[in-house]
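File shown here: upload.cif, holding mmCIF, C-alpha atoms.
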data_coords
#
loop_
_atom_site.group_PDB
_atom_site.id
_atom_site.type_symbol
_atom_site.label_atom_id
_atom_site.label_comp_id
_atom_site.auth_asym_id
_atom_site.auth_seq_id
_atom_site.Cartn_x
_atom_site.Cartn_y
_atom_site.Cartn_z
ATOM 1 C CA MET A 1 -3.534 9.111 13.632
ATOM 2 C CA SER A 2 -5.906 12.001 14.426
ATOM 3 C CA GLU A 3 -6.725 13.024 17.981
ATOM 4 C CA ALA A 4 -10.323 11.915 17.373
ATOM 5 C CA ASP A 5 -9.053 8.433 16.475
ATOM 6 C CA VAL A 6 -6.927 8.327 19.631
ATOM 7 C CA ILE A 7 -9.944 9.283 21.762
ATOM 8 C CA LYS A 8 -12.044 6.525 20.177
ATOM 9 C CA GLN A 9 -9.345 3.948 20.839
ATOM 10 C CA THR A 10 -8.888 4.932 24.497
ATOM 11 C CA GLY A 11 -11.300 2.625 26.239
ATOM 12 C CA ASN A 12 -11.671 3.536 29.903
ATOM 13 C CA GLY A 13 -11.444 7.303 30.057
ATOM 14 C CA PRO A 14 -8.440 9.597 29.846
ATOM 15 C CA ILE A 15 -5.045 8.304 30.904
ATOM 16 C CA THR A 16 -3.583 10.307 33.793
ATOM 17 C CA VAL A 17 -0.157 10.897 35.300
ATOM 18 C CA GLN A 18 -1.033 8.487 38.093
ATOM 19 C CA ASP A 19 -2.073 5.812 35.602
ATOM 20 C CA LEU A 20 1.242 6.197 33.806
ATOM 21 C CA LYS A 21 3.241 6.045 37.045
ATOM 22 C CA ARG A 22 1.448 2.834 37.973
ATOM 23 C CA ASP A 23 2.184 1.282 34.584
ATOM 24 C CA LEU A 24 5.835 2.374 34.596
ATOM 25 C CA THR A 25 6.347 0.896 38.052
ATOM 26 C CA ALA A 26 4.638 -2.357 37.091
ATOM 27 C CA LEU A 27 6.903 -2.650 34.053
ATOM 28 C CA GLY A 28 10.012 -2.304 36.219
ATOM 29 C CA VAL A 29 11.061 1.355 36.026
ATOM 30 C CA LYS A 30 12.611 2.170 39.403
ATOM 31 C CA PRO A 31 13.842 5.203 41.317
ATOM 32 C CA GLY A 32 17.475 5.966 40.552
ATOM 33 C CA MET A 33 17.567 4.389 37.079
ATOM 34 C CA ALA A 34 19.320 6.059 34.155
ATOM 35 C CA LEU A 35 16.686 5.587 31.468
ATOM 36 C CA MET A 36 16.701 6.267 27.714
ATOM 37 C CA VAL A 37 13.129 6.564 26.403
ATOM 38 C CA HIS A 38 11.879 6.174 22.835
ATOM 39 C CA SER A 39 8.172 6.814 22.486
ATOM 40 C CA SER A 40 5.001 7.287 20.458
ATOM 41 C CA LEU A 41 2.493 9.516 22.235
ATOM 42 C CA SER A 42 -0.498 8.411 20.153
ATOM 43 C CA SER A 43 0.163 4.747 20.954
ATOM 44 C CA ILE A 44 -0.329 5.453 24.675
ATOM 45 C CA GLY A 45 -3.904 6.609 24.160
ATOM 46 C CA TRP A 46 -5.499 9.924 25.032
ATOM 47 C CA VAL A 47 -3.379 11.313 27.863
ATOM 48 C CA SER A 48 -4.688 14.091 30.091
ATOM 49 C CA GLY A 49 -1.873 16.601 29.703
ATOM 50 C CA GLY A 50 -0.339 14.964 26.645
ATOM 51 C CA PRO A 51 3.465 14.842 26.483
ATOM 52 C CA VAL A 52 3.835 16.905 29.665
ATOM 53 C CA ALA A 53 1.978 14.235 31.636
ATOM 54 C CA VAL A 54 4.192 11.471 30.209
ATOM 55 C CA ILE A 55 7.339 13.382 31.164
ATOM 56 C CA GLN A 56 6.031 14.105 34.661
ATOM 57 C CA ALA A 57 5.192 10.436 35.158
ATOM 58 C CA LEU A 58 8.653 9.295 34.033
ATOM 59 C CA GLU A 59 10.448 11.820 36.222
ATOM 60 C CA GLY A 60 8.147 11.075 39.137
ATOM 61 C CA VAL A 61 8.988 7.378 39.074
ATOM 62 C CA LEU A 62 12.722 7.889 38.491
ATOM 63 C CA GLY A 63 12.936 10.409 41.328
ATOM 64 C CA PRO A 64 15.723 12.884 42.141
ATOM 65 C CA GLN A 65 18.448 10.214 41.973
ATOM 66 C CA GLY A 66 17.315 9.049 38.554
ATOM 67 C CA THR A 67 18.171 10.285 35.074
ATOM 68 C CA LEU A 68 15.843 10.590 32.083
ATOM 69 C CA VAL A 69 17.365 10.706 28.585
ATOM 70 C CA MET A 70 15.709 11.169 25.194
ATOM 71 C CA PRO A 71 17.046 11.522 21.647
ATOM 72 C CA THR A 72 16.572 15.066 20.326
ATOM 73 C CA HIS A 73 17.951 14.593 16.840
ATOM 74 C CA SER A 74 17.796 17.293 14.171
ATOM 75 C CA GLY A 75 18.746 15.482 11.003
ATOM 76 C CA ASP A 76 17.594 18.377 8.835
ATOM 77 C CA LEU A 77 20.774 20.251 9.843
ATOM 78 C CA SER A 78 22.696 18.398 7.174
ATOM 79 C CA ASP A 79 23.954 18.694 3.629
ATOM 80 C CA PRO A 80 20.949 19.129 1.300
ATOM 81 C CA ALA A 81 22.797 17.022 -1.269
ATOM 82 C CA GLU A 82 21.899 14.030 0.934
ATOM 83 C CA TRP A 83 18.196 14.824 1.253
ATOM 84 C CA SER A 84 15.673 12.464 -0.294
ATOM 85 C CA ASN A 85 12.605 12.824 1.944
ATOM 86 C CA PRO A 86 11.931 15.188 0.305
ATOM 87 C CA PRO A 87 14.758 16.265 -2.021
ATOM 88 C CA VAL A 88 15.207 19.909 -2.952
ATOM 89 C CA PRO A 89 16.117 21.371 -6.371
ATOM 90 C CA ASP A 90 19.831 21.368 -7.145
ATOM 91 C CA ASP A 91 19.909 25.133 -7.559
ATOM 92 C CA TRP A 92 18.711 25.567 -3.949
ATOM 93 C CA LYS A 93 21.528 23.606 -2.318
ATOM 94 C CA ASP A 94 24.302 26.212 -2.208
ATOM 95 C CA THR A 95 21.874 28.767 -0.751
ATOM 96 C CA ILE A 96 20.778 26.299 1.932
ATOM 97 C CA ARG A 97 24.370 25.508 2.929
ATOM 98 C CA ARG A 98 25.178 29.217 3.092
ATOM 99 C CA THR A 99 22.122 30.356 5.054
ATOM 100 C CA MET A 100 20.922 27.479 7.266
ATOM 101 C CA PRO A 101 21.025 28.711 10.910
ATOM 102 C CA ALA A 102 23.660 27.088 13.101
ATOM 103 C CA PHE A 103 22.670 24.491 15.669
ATOM 104 C CA ASP A 104 21.478 26.068 18.912
ATOM 105 C CA PRO A 105 20.619 23.553 21.679
ATOM 106 C CA SER A 106 17.963 25.847 23.131
ATOM 107 C CA LEU A 107 16.364 26.790 19.805
ATOM 108 C CA THR A 108 16.854 24.108 17.144
ATOM 109 C CA PRO A 109 13.787 21.848 17.065
ATOM 110 C CA THR A 110 13.867 18.084 16.821
ATOM 111 C CA ARG A 111 12.894 16.400 13.567
ATOM 112 C CA GLY A 112 10.940 13.152 13.452
ATOM 113 C CA MET A 113 11.348 12.488 17.186
ATOM 114 C CA GLY A 114 7.730 12.978 18.237
ATOM 115 C CA LYS A 115 5.954 15.245 20.688
ATOM 116 C CA ILE A 116 7.417 13.829 23.885
ATOM 117 C CA PRO A 117 11.133 14.510 23.130
ATOM 118 C CA GLU A 118 10.288 17.870 21.543
ATOM 119 C CA THR A 119 8.474 18.892 24.749
ATOM 120 C CA PHE A 120 11.190 17.407 26.966
ATOM 121 C CA ARG A 121 14.021 19.386 25.365
ATOM 122 C CA ASN A 122 12.247 22.634 26.343
ATOM 123 C CA GLN A 123 11.795 21.697 29.996
ATOM 124 C CA LYS A 124 13.602 23.707 32.631
ATOM 125 C CA ASP A 125 16.609 21.820 34.040
ATOM 126 C CA VAL A 126 16.910 19.622 30.947
ATOM 127 C CA ILE A 127 20.351 19.728 29.303
ATOM 128 C CA ARG A 128 20.823 19.063 25.601
ATOM 129 C CA SER A 129 24.100 17.839 24.157
ATOM 130 C CA ASN A 130 25.852 19.985 21.577
ATOM 131 C CA HIS A 131 25.640 17.924 18.396
ATOM 132 C CA PRO A 132 23.918 19.458 15.361
ATOM 133 C CA GLN A 133 22.375 16.216 14.134
ATOM 134 C CA VAL A 134 22.201 13.541 16.874
ATOM 135 C CA SER A 135 21.910 15.389 20.174
ATOM 136 C CA CYS A 136 20.345 13.887 23.290
ATOM 137 C CA ALA A 137 18.633 15.678 26.159
ATOM 138 C CA ALA A 138 18.823 14.615 29.791
ATOM 139 C CA TRP A 139 17.264 15.461 33.152
ATOM 140 C CA GLY A 140 18.300 14.371 36.606
ATOM 141 C CA LYS A 141 21.345 13.249 38.537
ATOM 142 C CA LEU A 142 23.572 12.309 35.569
ATOM 143 C CA ALA A 143 22.286 14.887 33.079
ATOM 144 C CA VAL A 144 25.528 16.882 32.919
ATOM 145 C CA GLU A 145 27.745 13.807 32.701
ATOM 146 C CA ILE A 146 25.684 12.201 29.957
ATOM 147 C CA THR A 147 25.360 15.269 27.733
ATOM 148 C CA GLN A 148 28.782 16.919 28.080
ATOM 149 C CA ASP A 149 31.617 16.569 25.544
ATOM 150 C CA HIS A 150 29.478 15.096 22.771
ATOM 151 C CA ALA A 151 31.948 14.558 19.919
ATOM 152 C CA LEU A 152 31.166 16.023 16.520
ATOM 153 C CA ASP A 153 32.595 13.030 14.629
ATOM 154 C CA PHE A 154 30.879 9.660 15.049
ATOM 155 C CA GLY A 155 28.149 11.253 17.134
ATOM 156 C CA LEU A 156 26.548 7.944 18.143
ATOM 157 C CA GLY A 157 29.848 6.338 19.127
ATOM 158 C CA GLU A 158 32.334 6.358 21.978
ATOM 159 C CA ARG A 159 32.049 10.042 22.883
ATOM 160 C CA SER A 160 28.276 10.209 22.816
ATOM 161 C CA PRO A 161 25.480 10.243 25.399
ATOM 162 C CA LEU A 162 24.788 6.652 24.368
ATOM 163 C CA ALA A 163 28.264 5.593 25.502
ATOM 164 C CA LYS A 164 27.840 7.546 28.761
ATOM 165 C CA LEU A 165 24.566 5.722 29.377
ATOM 166 C CA TYR A 166 26.372 2.428 28.731
ATOM 167 C CA GLN A 167 29.051 3.354 31.276
ATOM 168 C CA ASN A 168 26.350 4.093 33.848
ATOM 169 C CA GLN A 169 24.471 0.799 33.437
ATOM 170 C CA GLY A 170 21.498 2.530 31.834
ATOM 171 C CA TRP A 171 18.212 1.049 30.688
ATOM 172 C CA ILE A 172 16.149 1.504 27.519
ATOM 173 C CA LEU A 173 12.366 1.916 27.478
ATOM 174 C CA LEU A 174 10.446 1.556 24.212
ATOM 175 C CA ILE A 175 6.905 2.945 24.551
ATOM 176 C CA GLY A 176 4.778 1.975 21.582
ATOM 177 C CA VAL A 177 7.757 1.769 19.211
ATOM 178 C CA GLY A 178 10.099 -0.979 18.071
ATOM 179 C CA HIS A 179 13.834 -1.394 17.738
ATOM 180 C CA GLU A 180 13.856 0.627 14.525
ATOM 181 C CA ARG A 181 13.705 3.614 16.890
ATOM 182 C CA ASN A 182 16.305 2.202 19.310
ATOM 183 C CA THR A 183 19.217 4.638 18.984
ATOM 184 C CA SER A 184 21.502 2.533 21.198
ATOM 185 C CA LEU A 185 21.843 0.009 18.380
ATOM 186 C CA HIS A 186 23.848 2.684 16.564
ATOM 187 C CA LEU A 187 26.357 2.523 19.434
ATOM 188 C CA ALA A 188 26.674 -1.199 18.744
ATOM 189 C CA GLU A 189 27.099 -0.378 15.057
ATOM 190 C CA SER A 190 29.951 1.994 15.851
ATOM 191 C CA ARG A 191 31.731 -0.731 17.836
ATOM 192 C CA ALA A 192 31.137 -3.713 15.577
ATOM 193 C CA ALA A 193 33.607 -4.804 12.886
ATOM 194 C CA TYR A 194 31.745 -6.140 9.850
ATOM 195 C CA PRO A 195 32.521 -6.349 6.107
ATOM 196 C CA GLY A 196 31.613 -3.247 4.146
ATOM 197 C CA LYS A 197 31.606 -0.849 7.081
ATOM 198 C CA LYS A 198 32.476 2.578 5.670
ATOM 199 C CA GLU A 199 33.246 6.050 6.910
ATOM 200 C CA ILE A 200 31.491 8.953 5.185
ATOM 201 C CA ARG A 201 31.574 12.743 5.453
ATOM 202 C CA GLN A 202 28.527 14.816 6.301
ATOM 203 C CA GLY A 203 28.106 18.519 6.949
ATOM 204 C CA ALA A 204 26.234 20.845 9.291
ATOM 205 C CA PRO A 205 26.246 24.465 10.491
ATOM 206 C CA ILE A 206 27.532 25.072 14.029
ATOM 207 C CA PHE A 207 28.915 27.941 16.095
ATOM 208 C CA VAL A 208 32.708 28.055 16.355
ATOM 209 C CA ASP A 209 34.040 30.833 18.607
ATOM 210 C CA GLY A 210 30.664 32.507 18.358
ATOM 211 C CA LYS A 211 30.562 32.505 14.551
ATOM 212 C CA ARG A 212 28.517 30.317 12.239
ATOM 213 C CA ARG A 213 30.582 27.800 10.282
ATOM 214 C CA TRP A 214 29.722 24.919 7.975
ATOM 215 C CA VAL A 215 31.790 21.954 9.178
ATOM 216 C CA ASN A 216 32.469 18.445 7.934
ATOM 217 C CA ILE A 217 31.477 15.554 10.170
ATOM 218 C CA LYS A 218 32.804 11.989 10.015
ATOM 219 C CA GLU A 219 30.164 9.296 10.386
ATOM 220 C CA ILE A 220 29.514 5.634 9.664
ATOM 221 C CA GLN A 221 27.592 5.035 6.465
ATOM 222 C CA GLU A 222 24.048 4.075 7.343
ATOM 223 C CA HIS A 223 23.031 0.655 6.143
ATOM 224 C CA SER A 224 21.548 0.185 9.596
ATOM 225 C CA GLU A 225 18.021 0.167 10.959
ATOM 226 C CA ASP A 226 16.902 -2.297 8.280
ATOM 227 C CA ASP A 227 18.111 -5.088 10.556
ATOM 228 C CA PHE A 228 17.410 -3.487 13.945
ATOM 229 C CA GLU A 229 14.119 -5.377 14.380
ATOM 230 C CA GLU A 230 15.918 -8.598 13.470
ATOM 231 C CA ILE A 231 18.516 -7.861 16.152
ATOM 232 C CA GLY A 232 15.773 -7.235 18.702
ATOM 233 C CA ALA A 233 14.097 -10.522 17.820
ATOM 234 C CA ALA A 234 17.402 -12.391 18.088
ATOM 235 C CA TYR A 235 18.068 -10.802 21.476
ATOM 236 C CA ARG A 236 14.678 -12.005 22.674
ATOM 237 C CA LYS A 237 15.236 -15.512 21.286
ATOM 238 C CA ALA A 238 18.619 -15.688 23.015
ATOM 239 C CA GLY A 239 16.982 -15.045 26.383
ATOM 240 C CA GLY A 240 17.825 -11.374 26.743
ATOM 241 C CA THR A 241 16.540 -9.509 29.769
ATOM 242 C CA ILE A 242 13.232 -7.994 28.621
ATOM 243 C CA ARG A 243 10.376 -6.710 30.756
ATOM 244 C CA GLU A 244 7.135 -6.267 28.830
ATOM 245 C CA GLY A 245 3.845 -4.591 29.578
ATOM 246 C CA ARG A 246 1.689 -1.643 28.662
ATOM 247 C CA ILE A 247 2.174 2.042 29.340
ATOM 248 C CA GLY A 248 -1.353 3.279 28.907
ATOM 249 C CA GLN A 249 -2.354 1.346 25.806
ATOM 250 C CA ALA A 250 1.143 1.193 24.326
ATOM 251 C CA GLU A 251 2.947 -2.120 24.170
ATOM 252 C CA SER A 252 6.266 -1.385 25.861
ATOM 253 C CA GLN A 253 9.627 -3.012 26.550
ATOM 254 C CA LEU A 254 12.283 -2.311 29.177
ATOM 255 C CA PHE A 255 15.781 -3.784 28.991
ATOM 256 C CA PRO A 256 19.370 -3.079 30.086
ATOM 257 C CA GLN A 257 21.235 -1.083 27.460
ATOM 258 C CA ARG A 258 24.648 -2.675 28.046
ATOM 259 C CA GLU A 259 23.361 -6.216 27.622
ATOM 260 C CA LEU A 260 21.573 -5.354 24.381
ATOM 261 C CA VAL A 261 24.481 -3.362 22.931
ATOM 262 C CA ASP A 262 26.979 -6.142 23.673
ATOM 263 C CA PHE A 263 24.635 -8.685 22.083
ATOM 264 C CA ALA A 264 24.128 -6.448 19.036
ATOM 265 C CA VAL A 265 27.884 -6.002 18.489
ATOM 266 C CA HIS A 266 28.320 -9.781 18.334
ATOM 267 C CA TRP A 267 25.239 -10.176 16.124
ATOM 268 C CA MET A 268 26.455 -7.556 13.636
ATOM 269 C CA GLU A 269 29.934 -9.052 13.461
ATOM 270 C CA THR A 270 28.404 -12.470 12.824
ATOM 271 C CA ASN A 271 25.595 -11.569 10.445
ATOM 272 C CA ARG A 272 26.256 -8.254 8.728
ATOM 273 C CA SER A 273 28.053 -7.884 5.435
ATOM 274 C CA PHE A 274 27.808 -4.932 3.063
ATOM 275 C CA ALA A 275 30.848 -5.866 0.998
#

Rewrite the structure from the file as structure tokens, please.
Amino acid sequence: MSEADVIKQTGNGPITVQDLKRDLTALGVKPGMALMVHSSLSSIGWVSGGPVAVIQALEGVLGPQGTLVMPTHSGDLSDPAEWSNPPVPDDWKDTIRRTMPAFDPSLTPTRGMGKIPETFRNQKDVIRSNHPQVSCAAWGKLAVEITQDHALDFGLGERSPLAKLYQNQGWILLIGVGHERNTSLHLAESRAAYPGKKEIRQGAPIFVDGKRRWVNIKEIQEHSEDDFEEIGAAYRKAGGTIREGRIGQAESQLFPQRELVDFAVHWMETNRSFA
């Protein structure tokens, strides 16, 4: 959507930091929460200050005892043999593996995350976890705890920021996006036992003792995301704790991460089969 289209669709003037704070509070975001946010800036409407204003509103409502977390994934730091969107010629692949710069939390950009997480990762006092493909960034009271010791293998599993958020009774906020963007469902996927679940090997460049190295990474084969919306709908139907409203013009949902993840584990074990 172009900026001109966003302006046309924003009915009552520009959306401000104060407007966003009001909407966040009305939805149920509270001071002291640990909050994982997935977002679409254009869905909010035309925001005075753009992604910076959204971040300031979130941090303003959460306050100094709160914690703000966003996914800052960089899936392009991966084996080009796996690329399909778009693929590259076969005779490029060895050169890419040999020359791709190693992951640098302060330098490596996000890919496909949107303007808000990409802006957030550059903010002073934000800490980014050290995973070349599925890092998260965090600000606030629990930022160090949530981002430290992010395991290279199974990066969305038990030694991930998602698991730390689970341990700290965190919440998830979807702003203008659905469960297909809900990274915490990958934590459920890592925990669930279902037929056809497979381990695969990926690769990425990282720094080891100050030197660039291409390393292998263990991960769960992705069948996922195709059923994430179905899981969200089932959670709603089962009476899950969901608070709904609008942030700006964006339809938004707020819910406890632990409750959703536990529900999703059971749902996957009951309904999934890739055998």

TODO: Any chance you could resolve the PyMOL selection byres ((chain A and resi 133) around 9) against this file and give the residues as a ChimeraX atom specification?
DONE: /A:72-78,103,131-132,134-135,155,204

Based on the selection just made, write C-alpha atoms of those residues as a PDB file, in the coordinates of the input.
ATOM      1  CA  THR A  72      16.572  15.066  20.326  1.00  0.00           C
ATOM      2  CA  HIS A  73      17.951  14.593  16.840  1.00  0.00           C
ATOM      3  CA  SER A  74      17.796  17.293  14.171  1.00  0.00           C
ATOM      4  CA  GLY A  75      18.746  15.482  11.003  1.00  0.00           C
ATOM      5  CA  ASP A  76      17.594  18.377   8.835  1.00  0.00           C
ATOM      6  CA  LEU A  77      20.774  20.251   9.843  1.00  0.00           C
ATOM      7  CA  SER A  78      22.696  18.398   7.174  1.00  0.00           C
ATOM      8  CA  PHE A 103      22.670  24.491  15.669  1.00  0.00           C
ATOM      9  CA  HIS A 131      25.640  17.924  18.396  1.00  0.00           C
ATOM     10  CA  PRO A 132      23.918  19.458  15.361  1.00  0.00           C
ATOM     11  CA  VAL A 134      22.201  13.541  16.874  1.00  0.00           C
ATOM     12  CA  SER A 135      21.910  15.389  20.174  1.00  0.00           C
ATOM     13  CA  GLY A 155      28.149  11.253  17.134  1.00  0.00           C
ATOM     14  CA  ALA A 204      26.234  20.845   9.291  1.00  0.00           C
TER      15      ALA A 204
END

- [ ] Pull out every residue that the PyMOL selection byres ((chain A and resi 176-179) around 8) matches in the shown coordinates and put them as a PyMOL selection string.
- [x] chain A and resi 38-41+43-44+174-175+180-182+228-229+232+250-252

Task: Point-to-point distance in Å for CA of Asn130 in chain A and CA of Gly210 in chain A - done: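 We find that CA of Gly210 in chain A and CA of Asn130 in chain A lie 13.8 Å from each other.
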
TODO: Evaluate the PyMOL selection byres ((chain A and resi 216) around 10) on the structure here and hand back the selected residues as a list in words.
DONE: Ser78, Asp79, Leu152, Asp153, Ile200, Arg201, Gln202, Gly203, Ala204, Pro205, Arg213, Trp214, Val215, Ile217, Lys218 and Glu219 of chain A

Task: Given all atoms listed in the file as the counted atoms, nearest of A:Gln221, A:Ser2, A:Gln65, A:Gln167 to Glu189 in chain A - done: A:Gln221

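If you look at CA of Ala193 in chain A and CA of Trp171 in chain A, they are 24.3 Å away from each other.
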
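Proximity ranking of A:Ala233, A:Ala188, A:Asp226, A:Thr147 relative to His266 in chain A places A:Ala188 first, based on all atoms listed in the file.
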
TODO: Would you work out the distance separating CA of Val52 in chain A from CA of Glu3 in chain A, expressed in Å to one decimal?
DONE: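 Taking CA of Val52 in chain A as the start and CA of Glu3 in chain A as the end point, the length is 16.2 Å.
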
Open item on the list: Measuring between all atoms listed in the file, which one of A:Gly170, A:Gly13, A:Pro87, A:Gly239 shows the shortest distance to Leu254 in chain A?
Closed with: A:Gly170

Task: Non-local contacts of Asp262 in chain A (12 Å; all atoms listed in the file; under 5 positions in same chain excluded) as a ChimeraX atom specification - done: /A:163,166,184-192,231,235,240,256-257,267-269
